Amino acid sequence: MSCTTCARVLQVLERFPAGDPRGDLKASRAAAQARQSGQPAHVHYSPNQDAYVVVIGEQR
C-alpha cells in the first residue's frame with residue numbers, strides 16, 4: 001500500500017471488502033471514529049487484498 005500521508009503502516013485497525021457497495025464509506029466512517037478518539041487514522045485501498053484498510057501510519 002502506498003500513501004502520500006504516511007511513510008509506512010504502523011497498525012491496521014479494520015478491513016472492509018471493496019466488493020461491498022459501501023465498503024469505502026464504512027472505512028471512512030471507521031477512520032473518522034478513530035480520529036475522534038485521538039488516533040491519526042486514514043484509509044488505504046489495498047489492491048492485493050481488494051479491500052479498504054483503515055490504518056495508522058508513520059507520518060512522512
# chains A, B, ... in the order shown; residues from 1 in each chain; ligands from 1
call {"tool": "residues_around", "arguments": {"residues": "A:Gln11", "least_positions_apart": "2", "cutoff": "12 Å", "atoms": "only C-alpha atoms", "output": "list of chain:residue names"}}
result
A:Cys6, A:Arg8, A:Val9, A:Leu13, A:Glu14, A:Arg15, A:Gln39, A:Pro40, A:Ala41, A:His42, A:Val43, A:His44, A:Val53, A:Val54, A:Val55, A:Ile56, A:Gly57, A:Glu58
call {"tool": "write_last_selection", "arguments": {"atoms": "C-alpha atoms", "output": "PDB file, in the first residue's frame"}}
result
ATOM      1  CA  CYS A   6       2.284   8.043   5.707  1.00  0.00           C
ATOM      2  CA  ARG A   8       4.664   3.104   6.429  1.00  0.00           C
ATOM      3  CA  VAL A   9       1.714   1.438   8.111  1.00  0.00           C
ATOM      4  CA  LEU A  13      -7.430  -1.106  12.577  1.00  0.00           C
ATOM      5  CA  GLU A  14     -10.055  -2.587  10.240  1.00  0.00           C
ATOM      6  CA  ARG A  15     -10.584  -4.015   6.748  1.00  0.00           C
ATOM      7  CA  GLN A  39      -5.780   8.059  16.685  1.00  0.00           C
ATOM      8  CA  PRO A  40      -4.393   9.511  13.410  1.00  0.00           C
ATOM      9  CA  ALA A  41      -6.217   7.006  11.202  1.00  0.00           C
ATOM     10  CA  HIS A  42      -6.889   7.175   7.478  1.00  0.00           C
ATOM     11  CA  VAL A  43      -7.967   4.824   4.692  1.00  0.00           C
ATOM     12  CA  HIS A  44      -5.789   2.956   2.198  1.00  0.00           C
ATOM     13  CA  VAL A  53      -7.993  -0.743   5.031  1.00  0.00           C
ATOM     14  CA  VAL A  54      -8.186   1.679   7.970  1.00  0.00           C
ATOM     15  CA  VAL A  55      -4.638   2.289   9.175  1.00  0.00           C
ATOM     16  CA  ILE A  56      -2.471   4.318  11.485  1.00  0.00           C
ATOM     17  CA  GLY A  57       0.683   5.286   9.650  1.00  0.00           C
ATOM     18  CA  GLU A  58       4.062   6.792  10.442  1.00  0.00           C
TER      19      GLU A  58
END
call {"tool": "select_by_dssp", "arguments": {"residues": "chain A", "states": "alpha helix (DSSP H)", "output": "PyMOL selection string"}}
result
chain A and resi 23-36
call {"tool": "write_last_selection", "arguments": {"atoms": "all heavy atoms", "output": "mmCIF file, in the first residue's frame"}}
result
data_model
loop_
_atom_site.group_PDB
_atom_site.id
_atom_site.type_symbol
_atom_site.label_atom_id
_atom_site.label_comp_id
_atom_site.auth_asym_id
_atom_site.auth_seq_id
_atom_site.Cartn_x
_atom_site.Cartn_y
_atom_site.Cartn_z
ATOM 1 N N GLY A 23 -18.275 -0.248 1.044
ATOM 2 C CA GLY A 23 -17.018 -0.531 1.738
ATOM 3 C C GLY A 23 -16.190 0.707 1.990
ATOM 4 O O GLY A 23 -15.638 0.885 3.078
ATOM 5 N N ASP A 24 -16.117 1.600 0.991
ATOM 6 C CA ASP A 24 -15.326 2.815 1.167
ATOM 7 C C ASP A 24 -15.963 3.745 2.199
ATOM 8 O O ASP A 24 -15.269 4.373 3.002
ATOM 9 C CB ASP A 24 -15.121 3.535 -0.158
ATOM 10 C CG ASP A 24 -16.417 3.933 -0.842
ATOM 11 O OD1 ASP A 24 -17.466 3.322 -0.574
ATOM 12 O OD2 ASP A 24 -16.378 4.870 -1.673
ATOM 13 N N LEU A 25 -17.284 3.807 2.219
ATOM 14 C CA LEU A 25 -17.987 4.646 3.192
ATOM 15 C C LEU A 25 -17.794 4.093 4.606
ATOM 16 O O LEU A 25 -17.528 4.848 5.551
ATOM 17 C CB LEU A 25 -19.472 4.713 2.852
ATOM 18 C CG LEU A 25 -20.336 5.546 3.783
ATOM 19 C CD1 LEU A 25 -19.882 6.990 3.802
ATOM 20 C CD2 LEU A 25 -21.795 5.456 3.357
ATOM 21 N N LYS A 26 -17.893 2.780 4.761
ATOM 22 C CA LYS A 26 -17.692 2.161 6.068
ATOM 23 C C LYS A 26 -16.273 2.407 6.570
ATOM 24 O O LYS A 26 -16.056 2.699 7.745
ATOM 25 C CB LYS A 26 -17.970 0.664 6.005
ATOM 26 C CG LYS A 26 -19.433 0.334 5.786
ATOM 27 C CD LYS A 26 -19.637 -1.156 5.626
ATOM 28 C CE LYS A 26 -21.078 -1.507 5.340
ATOM 29 N NZ LYS A 26 -21.259 -2.951 5.131
ATOM 30 N N ALA A 27 -15.299 2.308 5.667
ATOM 31 C CA ALA A 27 -13.905 2.543 6.041
ATOM 32 C C ALA A 27 -13.700 4.003 6.440
ATOM 33 O O ALA A 27 -13.020 4.287 7.431
ATOM 34 C CB ALA A 27 -12.982 2.163 4.891
ATOM 35 N N SER A 28 -14.295 4.924 5.706
ATOM 36 C CA SER A 28 -14.176 6.350 6.033
ATOM 37 C C SER A 28 -14.785 6.652 7.393
ATOM 38 O O SER A 28 -14.220 7.422 8.182
ATOM 39 C CB SER A 28 -14.855 7.199 4.965
ATOM 40 O OG SER A 28 -14.182 7.078 3.746
ATOM 41 N N ARG A 29 -15.916 6.049 7.680
ATOM 42 C CA ARG A 29 -16.562 6.257 8.985
ATOM 43 C C ARG A 29 -15.717 5.679 10.115
ATOM 44 O O ARG A 29 -15.589 6.295 11.173
ATOM 45 C CB ARG A 29 -17.948 5.637 8.994
ATOM 46 C CG ARG A 29 -18.947 6.427 8.196
ATOM 47 C CD ARG A 29 -20.315 5.797 8.269
ATOM 48 N NE ARG A 29 -21.278 6.574 7.484
ATOM 49 C CZ ARG A 29 -22.445 6.127 7.110
ATOM 50 N NH1 ARG A 29 -22.828 4.904 7.441
ATOM 51 N NH2 ARG A 29 -23.256 6.888 6.393
ATOM 52 N N ALA A 30 -15.143 4.505 9.895
ATOM 53 C CA ALA A 30 -14.299 3.890 10.919
ATOM 54 C C ALA A 30 -13.059 4.749 11.181
ATOM 55 O O ALA A 30 -12.650 4.922 12.333
ATOM 56 C CB ALA A 30 -13.889 2.483 10.500
ATOM 57 N N ALA A 31 -12.477 5.313 10.128
ATOM 58 C CA ALA A 31 -11.315 6.186 10.290
ATOM 59 C C ALA A 31 -11.700 7.460 11.030
ATOM 60 O O ALA A 31 -10.960 7.931 11.902
ATOM 61 C CB ALA A 31 -10.705 6.519 8.932
ATOM 62 N N ALA A 32 -12.869 8.018 10.722
ATOM 63 C CA ALA A 32 -13.333 9.227 11.408
ATOM 64 C C ALA A 32 -13.552 8.955 12.898
ATOM 65 O O ALA A 32 -13.182 9.786 13.743
ATOM 66 C CB ALA A 32 -14.613 9.738 10.764
ATOM 67 N N GLN A 33 -14.113 7.810 13.232
ATOM 68 C CA GLN A 33 -14.322 7.460 14.638
ATOM 69 C C GLN A 33 -12.984 7.296 15.361
ATOM 70 O O GLN A 33 -12.830 7.722 16.498
ATOM 71 C CB GLN A 33 -15.132 6.179 14.756
ATOM 72 C CG GLN A 33 -16.590 6.357 14.413
ATOM 73 C CD GLN A 33 -17.368 5.047 14.467
ATOM 74 O OE1 GLN A 33 -16.788 3.962 14.453
ATOM 75 N NE2 GLN A 33 -18.686 5.155 14.515
ATOM 76 N N ALA A 34 -12.008 6.690 14.691
ATOM 77 C CA ALA A 34 -10.688 6.524 15.294
ATOM 78 C C ALA A 34 -10.027 7.887 15.512
ATOM 79 O O ALA A 34 -9.407 8.113 16.552
ATOM 80 C CB ALA A 34 -9.814 5.642 14.408
ATOM 81 N N ARG A 35 -10.187 8.806 14.547
ATOM 82 C CA ARG A 35 -9.620 10.147 14.712
ATOM 83 C C ARG A 35 -10.274 10.886 15.871
ATOM 84 O O ARG A 35 -9.612 11.616 16.604
ATOM 85 C CB ARG A 35 -9.749 10.949 13.418
ATOM 86 C CG ARG A 35 -8.759 10.508 12.351
ATOM 87 C CD ARG A 35 -8.718 11.481 11.188
ATOM 88 N NE ARG A 35 -9.999 11.595 10.505
ATOM 89 C CZ ARG A 35 -10.392 10.833 9.501
ATOM 90 N NH1 ARG A 35 -9.604 9.882 9.044
ATOM 91 N NH2 ARG A 35 -11.571 11.023 8.934
ATOM 92 N N GLN A 36 -11.576 10.695 16.055
ATOM 93 C CA GLN A 36 -12.271 11.331 17.174
ATOM 94 C C GLN A 36 -11.753 10.840 18.517
ATOM 95 O O GLN A 36 -11.776 11.563 19.506
ATOM 96 C CB GLN A 36 -13.775 11.103 17.082
ATOM 97 C CG GLN A 36 -14.439 11.915 16.004
ATOM 98 C CD GLN A 36 -15.936 11.624 15.901
ATOM 99 O OE1 GLN A 36 -16.441 10.684 16.487
ATOM 100 N NE2 GLN A 36 -16.626 12.445 15.130
#
call {"tool": "atom_distance", "arguments": {"atom1": "atom CA of A:Arg22", "atom2": "atom CA of A:Ala7"}}
result
27.2 Å
call {"tool": "select_by_dssp", "arguments": {"residues": "chain A", "states": "strand (DSSP E)", "output": "ChimeraX atom specification"}}
result
/A:6-17,41-46,51-59
call {"tool": "atom_distance", "arguments": {"atom1": "atom CA of A:Cys3", "atom2": "atom CA of A:Tyr45"}}
result
9.3 Å
call {"tool": "atom_distance", "arguments": {"atom1": "atom CA of A:Ala18", "atom2": "atom CA of A:Thr5"}}
result
20.9 Å
